[in-house]
Every structure is written in C-alpha cells, then in structure tokens.
file protein.cif (mmCIF, C-alpha atoms)
data_final
loop_
_atom_site.label_atom_id
_atom_site.label_comp_id
_atom_site.auth_asym_id
_atom_site.auth_seq_id
_atom_site.Cartn_x
_atom_site.Cartn_y
_atom_site.Cartn_z
CA MET A 1 3.58 48.59 -56.80
CA LEU A 2 6.76 50.58 -56.24
CA HIS A 3 9.96 48.59 -56.06
CA TYR A 4 11.36 48.26 -52.56
CA ARG A 5 14.02 46.40 -50.65
CA LYS A 6 13.86 45.56 -46.98
CA HIS A 7 16.34 44.45 -44.37
CA PHE A 8 14.61 42.68 -41.50
CA LEU A 9 16.18 42.18 -38.06
CA SER A 10 13.23 41.09 -35.94
CA PRO A 11 9.63 41.98 -35.06
CA GLY A 12 10.97 43.74 -31.98
CA HIS A 13 13.00 46.26 -33.96
CA GLU A 14 11.44 49.44 -35.26
CA TRP A 15 11.21 50.27 -38.95
CA VAL A 16 13.02 53.05 -40.77
CA VAL A 17 11.79 54.00 -44.25
CA PHE A 18 14.12 55.88 -46.61
CA VAL A 19 12.69 58.23 -49.27
CA HIS A 20 15.05 59.65 -51.89
CA GLY A 21 14.65 62.85 -53.90
CA ALA A 22 13.75 63.61 -57.51
CA GLY A 23 16.25 62.17 -59.95
CA GLY A 24 17.79 59.80 -57.41
CA SER A 25 16.94 56.29 -56.28
CA SER A 26 17.17 54.19 -53.16
CA SER A 27 20.83 53.55 -54.03
CA ILE A 28 21.75 57.04 -52.71
CA TRP A 29 21.38 55.60 -49.21
CA TYR A 30 24.22 53.11 -49.67
CA ARG A 31 26.26 54.84 -46.94
CA GLN A 32 23.36 54.63 -44.49
CA VAL A 33 22.10 51.07 -44.94
CA ARG A 34 24.96 49.26 -43.21
CA GLU A 35 24.69 51.28 -40.00
CA PHE A 36 20.90 51.51 -39.88
CA ARG A 37 20.35 47.80 -40.44
CA LYS A 38 22.39 47.09 -37.30
CA ASN A 39 19.77 48.93 -35.27
CA PHE A 40 16.47 48.85 -37.20
CA ASN A 41 14.41 47.09 -39.79
CA VAL A 42 14.99 49.07 -42.99
CA LEU A 43 12.74 49.71 -45.98
CA LEU A 44 14.23 51.36 -49.09
CA ILE A 45 11.74 52.58 -51.69
CA ASP A 46 12.27 53.62 -55.31
CA LEU A 47 9.79 56.37 -56.18
CA ARG A 48 7.79 56.12 -59.40
CA GLY A 49 10.00 56.45 -62.46
CA HIS A 50 13.21 56.07 -60.45
CA GLY A 51 15.52 53.14 -59.87
CA GLU A 52 13.63 49.89 -60.39
CA SER A 53 10.18 51.52 -60.20
CA GLN A 54 9.86 51.80 -63.96
CA PRO A 55 8.12 49.83 -66.71
CA PRO A 56 7.94 46.91 -67.19
CA LEU A 57 8.25 46.36 -63.41
CA LEU A 58 5.76 49.16 -62.70
CA MET A 59 2.55 49.86 -64.59
CA PRO A 60 2.74 53.01 -66.76
CA PHE A 61 0.95 56.11 -65.48
CA GLU A 62 -1.27 58.35 -67.59
CA GLY A 63 -1.53 62.05 -66.83
CA ASP A 64 0.30 64.28 -64.37
CA TYR A 65 1.61 63.30 -60.97
CA SER A 66 0.40 64.79 -57.71
CA PHE A 67 2.07 64.79 -54.30
CA ASP A 68 -0.95 63.00 -52.82
CA TYR A 69 -0.73 60.23 -55.43
CA LEU A 70 3.00 59.74 -54.90
CA THR A 71 2.68 59.56 -51.13
CA GLY A 72 -0.19 57.11 -51.56
CA GLU A 73 2.19 54.84 -53.46
CA ILE A 74 4.65 54.96 -50.56
CA LEU A 75 1.90 53.81 -48.19
CA GLU A 76 0.97 51.00 -50.60
CA ALA A 77 4.59 49.81 -50.65
CA MET A 78 4.68 49.89 -46.85
CA ASP A 79 1.46 47.87 -46.67
CA ASP A 80 2.89 45.31 -49.09
CA ALA A 81 6.07 45.07 -47.02
CA GLY A 82 4.09 44.64 -43.80
CA VAL A 83 5.21 47.95 -42.31
CA TYR A 84 2.46 49.81 -40.49
CA ASP A 85 4.42 52.68 -38.92
CA ALA A 86 8.03 53.81 -39.13
CA HIS A 87 10.61 56.51 -38.66
CA PHE A 88 11.16 58.25 -42.00
CA VAL A 89 14.44 59.53 -43.42
CA GLY A 90 14.33 61.72 -46.52
CA ILE A 91 16.50 63.90 -48.70
CA SER A 92 15.54 66.97 -50.74
CA LEU A 93 12.16 66.47 -52.45
CA GLY A 94 11.71 63.24 -50.52
CA CYS A 95 11.30 65.43 -47.42
CA ILE A 96 8.21 67.03 -48.98
CA LEU A 97 6.65 63.60 -49.49
CA ILE A 98 7.41 62.61 -45.89
CA ARG A 99 5.91 65.86 -44.61
CA ILE A 100 2.72 65.15 -46.59
CA LEU A 101 2.60 61.65 -45.08
CA GLY A 102 2.83 63.26 -41.66
CA GLU A 103 -0.09 65.49 -42.58
CA HIS A 104 -2.36 62.81 -44.05
CA ALA A 105 -1.33 59.68 -42.12
CA PRO A 106 0.27 60.83 -38.84
CA GLU A 107 -0.42 57.50 -37.17
CA ARG A 108 2.10 55.91 -39.53
CA VAL A 109 4.92 58.43 -39.03
CA LYS A 110 6.83 57.99 -35.77
CA SER A 111 9.40 60.64 -36.60
CA MET A 112 10.80 62.59 -39.54
CA ILE A 113 14.49 63.07 -40.33
CA LEU A 114 14.66 65.59 -43.16
CA GLY A 115 18.04 66.00 -44.86
CA GLY A 116 18.63 68.85 -47.29
CA ALA A 117 14.99 69.75 -46.74
CA VAL A 118 13.14 71.99 -49.17
CA VAL A 119 10.75 74.13 -47.12
CA ARG A 120 10.64 77.31 -49.21
CA LEU A 121 11.78 78.45 -52.65
CA ASN A 122 13.84 81.63 -52.55
CA LEU A 123 14.10 84.07 -55.45
CA ARG A 124 16.89 82.13 -57.14
CA SER A 125 15.15 78.76 -56.86
CA ARG A 126 11.83 80.23 -58.09
CA PHE A 127 13.68 81.66 -61.09
CA LEU A 128 15.25 78.28 -61.83
CA VAL A 129 11.89 76.56 -61.59
CA ALA A 130 10.28 79.12 -63.91
CA VAL A 131 13.03 78.79 -66.51
CA GLY A 132 12.95 75.00 -66.26
CA ASN A 133 9.20 74.91 -66.83
CA LEU A 134 9.56 77.12 -69.91
CA VAL A 135 12.24 75.03 -71.60
CA LYS A 136 11.69 71.51 -70.22
CA ARG A 137 10.10 70.21 -73.44
CA PHE A 138 12.65 71.71 -75.80
CA ILE A 139 16.06 70.83 -74.43
CA PRO A 140 17.47 67.53 -73.11
CA PHE A 141 16.50 67.22 -69.46
CA MET A 142 20.04 66.21 -68.49
CA TRP A 143 21.22 69.70 -69.44
CA LEU A 144 18.73 71.14 -66.98
CA TYR A 145 19.52 68.60 -64.31
CA LYS A 146 23.28 69.20 -64.53
CA LEU A 147 22.73 72.95 -64.35
CA PHE A 148 20.48 72.67 -61.30
CA ALA A 149 22.88 70.25 -59.61
CA TRP A 150 25.77 72.66 -60.12
CA ILE A 151 23.81 75.68 -58.84
CA ILE A 152 22.51 73.83 -55.77
CA MET A 153 25.85 72.07 -55.05
CA PRO A 154 28.52 74.42 -56.44
CA ARG A 155 31.60 73.66 -54.35
CA ALA A 156 34.44 71.29 -55.17
CA ARG A 157 33.65 69.08 -52.16
CA HIS A 158 30.07 68.67 -53.45
CA ARG A 159 31.38 66.96 -56.59
CA GLN A 160 30.64 63.45 -55.36
CA SER A 161 27.03 64.41 -54.59
CA ARG A 162 26.61 66.08 -57.98
CA THR A 163 28.10 63.11 -59.78
CA LEU A 164 25.92 60.61 -57.91
CA PHE A 165 22.68 62.47 -58.59
CA VAL A 166 23.50 63.11 -62.25
CA SER A 167 24.36 59.43 -62.76
CA GLN A 168 21.04 58.40 -61.18
CA ALA A 169 19.11 60.99 -63.21
CA ARG A 170 20.43 59.48 -66.45
CA LYS A 171 18.12 56.52 -65.79
CA LEU A 172 15.06 58.77 -66.14
CA CYS A 173 13.41 59.33 -69.49
CA GLN A 174 12.49 62.83 -70.71
CA GLN A 175 8.76 62.29 -70.13
CA GLU A 176 9.36 61.10 -66.59
CA PHE A 177 11.49 64.13 -65.84
CA ILE A 178 8.75 66.43 -67.17
CA ARG A 179 6.13 64.79 -64.96
CA TRP A 180 8.24 65.27 -61.84
CA PHE A 181 9.20 68.80 -62.80
CA LYS A 182 5.54 69.75 -63.20
CA LEU A 183 5.11 69.14 -59.49
CA THR A 184 6.95 72.42 -58.91
CA TYR A 185 3.91 74.32 -60.21
CA GLY A 186 2.00 73.70 -57.01
CA VAL A 187 4.78 73.38 -54.48
CA SER A 188 4.89 76.96 -53.14
CA PRO A 189 1.41 76.94 -51.49
CA LEU A 190 2.22 73.54 -50.03
CA LEU A 191 5.48 74.81 -48.57
CA ARG A 192 3.71 77.81 -47.05
CA LEU A 193 1.34 75.40 -45.29
CA PHE A 194 4.32 73.49 -43.90
CA GLU A 195 5.85 76.73 -42.63
CA ASP A 196 2.65 77.80 -40.90
CA LYS A 197 1.92 74.47 -39.24
CA GLU A 198 4.13 72.38 -36.99
CA LEU A 199 3.07 68.76 -36.85
CA PRO A 200 3.09 66.95 -33.48
CA ILE A 201 5.69 64.52 -34.83
CA PRO A 202 9.33 64.56 -33.64
CA THR A 203 11.28 66.14 -36.48
CA LEU A 204 15.01 66.51 -37.06
CA TYR A 205 16.32 68.70 -39.88
CA LEU A 206 19.85 67.79 -41.01
CA MET A 207 21.20 70.60 -43.17
CA GLY A 208 24.63 71.28 -44.59
CA ASP A 209 26.23 74.58 -43.61
CA GLU A 210 26.96 75.12 -47.33
CA ASP A 211 23.38 74.45 -48.47
CA HIS A 212 23.06 78.09 -49.46
CA MET A 213 19.62 77.80 -51.08
CA PHE A 214 17.72 75.79 -48.48
CA LEU A 215 19.39 76.21 -45.08
CA PRO A 216 18.19 79.81 -44.40
CA PRO A 217 14.44 79.03 -44.69
CA VAL A 218 14.84 75.88 -42.56
CA SER A 219 16.59 77.95 -39.89
CA ARG A 220 13.66 80.39 -39.87
CA ILE A 221 11.10 77.58 -39.57
CA VAL A 222 12.90 75.96 -36.64
CA LYS A 223 12.82 79.27 -34.75
CA ARG A 224 9.02 79.18 -35.05
CA HIS A 225 8.48 75.44 -34.62
CA THR A 226 9.98 74.94 -31.20
CA ARG A 227 7.98 72.12 -29.64
CA TRP A 228 8.59 69.13 -31.93
CA THR A 229 11.38 70.32 -34.19
CA ARG A 230 15.19 70.37 -34.05
CA LEU A 231 17.89 71.48 -36.47
CA GLU A 232 21.42 70.13 -36.74
CA VAL A 233 23.73 71.98 -39.14
CA ILE A 234 26.40 69.66 -40.54
CA PRO A 235 29.74 71.38 -41.23
CA GLU A 236 31.55 71.13 -44.55
CA SER A 237 28.45 69.81 -46.27
CA GLY A 238 26.15 70.95 -49.03
CA HIS A 239 22.62 69.97 -49.99
CA VAL A 240 23.07 66.18 -50.05
CA VAL A 241 24.21 65.76 -46.46
CA ASN A 242 23.92 61.97 -46.37
CA VAL A 243 26.55 61.72 -49.12
CA ASP A 244 28.80 64.65 -48.11
CA ARG A 245 29.07 63.65 -44.43
CA PRO A 246 27.63 60.12 -44.11
CA GLU A 247 29.19 59.22 -40.74
CA LEU A 248 27.86 62.33 -39.01
CA PHE A 249 24.50 61.99 -40.77
CA ASN A 250 24.20 58.41 -39.51
CA THR A 251 25.28 59.26 -35.97
CA LEU A 252 22.84 62.14 -35.62
CA SER A 253 19.95 60.25 -37.23
CA ILE A 254 20.36 57.04 -35.26
CA GLY A 255 20.90 58.98 -32.05
CA PHE A 256 17.73 60.97 -32.67
CA ILE A 257 15.63 57.83 -33.16
CA ARG A 258 17.17 56.10 -30.15
CA GLY A 259 16.37 59.14 -28.05
CA LEU A 260 12.72 58.71 -28.96
CA SER A 261 12.69 54.93 -28.61
CA PRO A 262 14.56 53.62 -25.57
CA ALA A 263 13.82 50.04 -26.68
CA ALA A 264 15.94 50.64 -29.81
CA ALA A 265 19.04 51.55 -27.81
#
call {"tool": "encode", "arguments": {"input": "protein.cif", "output": "structure tokens"}}
result
Amino acid sequence: MLHYRKHFLSPGHEWVVFVHGAGGSSSIWYRQVREFRKNFNVLLIDLRGHGESQPPLLMPFEGDYSFDYLTGEILEAMDDAGVYDAHFVGISLGCILIRILGEHAPERVKSMILGGAVVRLNLRSRFLVAVGNLVKRFIPFMWLYKLFAWIIMPRARHRQSRTLFVSQARKLCQQEFIRWFKLTYGVSPLLRLFEDKELPIPTLYLMGDEDHMFLPPVSRIVKRHTRWTRLEVIPESGHVVNVDRPELFNTLSIGFIRGLSPAAA
C-alpha cells in the first residue's frame, strides 16, 4: 500500500486528492494543504518509490513500472482511505496519472486540476528523454535530474522550485529513478491519445507563463477541447506553479472546485 496522509473535516465535505510528479513527494504540496483543508477533506499520496512509499514500508517491486499499475496503486490507496471519488490536483507527471484515472475510472474523478501539465513532448524534451535513456545506467541519476530541472526551470525565480525538487529526488535510489525514467519510452502515444480525446470531466490547466517547454502544447489542446476544459496562465511562474505562485494557485484551484460544487462554498 502506498503511504498516504489524510486531513478529514466531515463526511459532508468533498475530497481532494493530491498527486505529485516524478522525483517529488507529497511534501511539495505544503503550501496548499493549509488552505485546502479549510474547505475539503484532503488526501496526500506518496507515489511508489517516493517519500514514505519505499521499502520497508512498501513491498519491493520486480520488473518495470507501467502507468496503469501506478494509477491502480492510487486507487488502492483511495480505497484504503475510504475515498470513493474526489477532485484531483496534480503537478507535472502526476497530471498524466490523473488523466489515466479519468480514462479508466471516470466515476471516481470529479474534476482534474493539472498544474505544469505534460501533454506533449516537443523536440527539446524528446531529445532530453533520448539522451537520458542512453546514459541513465552509467552516470549518477542526480546529475541528470539537476540538468533536467535547470533546463525545465531555468530562471532565477524558479530556484526555489528547482531546489525543492532536487532535494526530494535525493531520496530516490538509482534503480528507482531508472524505473520511473523508463516510463518515458511509451509516453508519446499516450499523450497523443490525450490530445485527441477530451474527457467529459471538468478540467482546469494551471500553467506558468514561463513554462517554456509545456505551456505551448497545453494552449493548443485547450483551443481544441472547449467543452470541459479551461486554461489559466499564471504570471511570473515556471513549471512548478504550486511552488512559484502558491497563493494564486490555491485561489484558482479552490475557486474552480467551488464553482462545480455549490455545497463546498
């Protein structure tokens, strides 16, 4: 079972589930928890190999990971916590997992708030993935992670986000990093499916205006997905919008959920 923490207000309050990205942990949501727990029941999950979801607290896994397996573990954690359906908030790769949940278990996903969403790999990101897959077994993974963090979040005001994610990534072992990195082999066809198909689930993209690698493809998707999907571009923010601009991230996210759920207001 994945490690999780929950903050419970009452049976009458709706649930919000937070899903972090690769190399992070549930601790990246520390600037969200205080505000969200005033309005909702909150479930914070550590994905496999991250945070507290590591041996000996979590049974070791043999073989390669798959997106379906990882999303299945999220559902198992929700079942254990007594959460049937929820609004989901994700960052970076966590958005891919939430989108898969929306595909496979739509009855459990009330809405999706996707921060720093990865919906397509551009030429630069495909090059980085290819290089990373070539050298991932031969050089320390922290070298790769620091390089990727700097390329994705290059500006001085992104330093806090870079530092936070690098500090969290240090808790991974090399083998765990390799397993997660292997997921990039099959991500492009999956992302093309996401681009072609809009799910009938209320969706809010929260993207930084300085997220130079991932904002352009999200903007293109939102122009096509017009029924259920919205985009808010957060100024003076990079890829990790919940860390760069936490107050605005919280206001937009909570407002979006309240707009869907009058009882939560």
call {"tool": "atom_distance", "arguments": {"input": "protein.cif", "atom1": "CA of Phe67 in chain A", "atom2": "CA of Gln160 in chain A"}}
result
28.6 Å
call {"tool": "resolve_selection", "arguments": {"input": "protein.cif", "expression": "the PyMOL selection byres ((chain A and resi 210) around 8)", "output": "PyMOL selection string"}}
result
chain A and resi 208-209+211-212+215+235-239
call {"tool": "residues_around", "arguments": {"input": "protein.cif", "residues": "range 183-190 of chain A", "least_positions_apart": "3", "cutoff": "8 Å", "atoms": "only C-alpha atoms", "output": "list in words"}}
result
Tyr65, Ser66, Phe67, Arg120, Leu121, Val129, Arg179, Trp180, Leu193 and Phe194 of chain A
call {"tool": "closest_residue", "arguments": {"input": "protein.cif", "among": "A:Val166, A:Ala105, A:Leu172, A:Ile113", "to": "Gln54 in chain A", "atoms": "only C-alpha atoms"}}
result
A:Leu172
call {"tool": "resolve_selection", "arguments": {"input": "protein.cif", "expression": "the PyMOL selection byres ((chain A and resi 198-206) around 10)", "output": "number ranges by chain"}}
result
A: 87-91, 95, 99, 102-103, 106-107, 109-117, 193-197, 207-209, 215, 218-219, 221-222, 224-234, 239-242, 248-249, 252-253, 256-257, 260
call {"tool": "atom_distance", "arguments": {"input": "protein.cif", "atom1": "CA of Ile74 in chain A", "atom2": "CA of Met153 in chain A"}}
result
27.6 Å
call {"tool": "residues_near_point", "arguments": {"input": "protein.cif", "point": "(14.1, 49.2, -52.4)", "cutoff": "8 Å", "atoms": "all atoms listed in the file", "output": "MDAnalysis selection string"}}
result
chainID A and resid 3:6 26 43:46
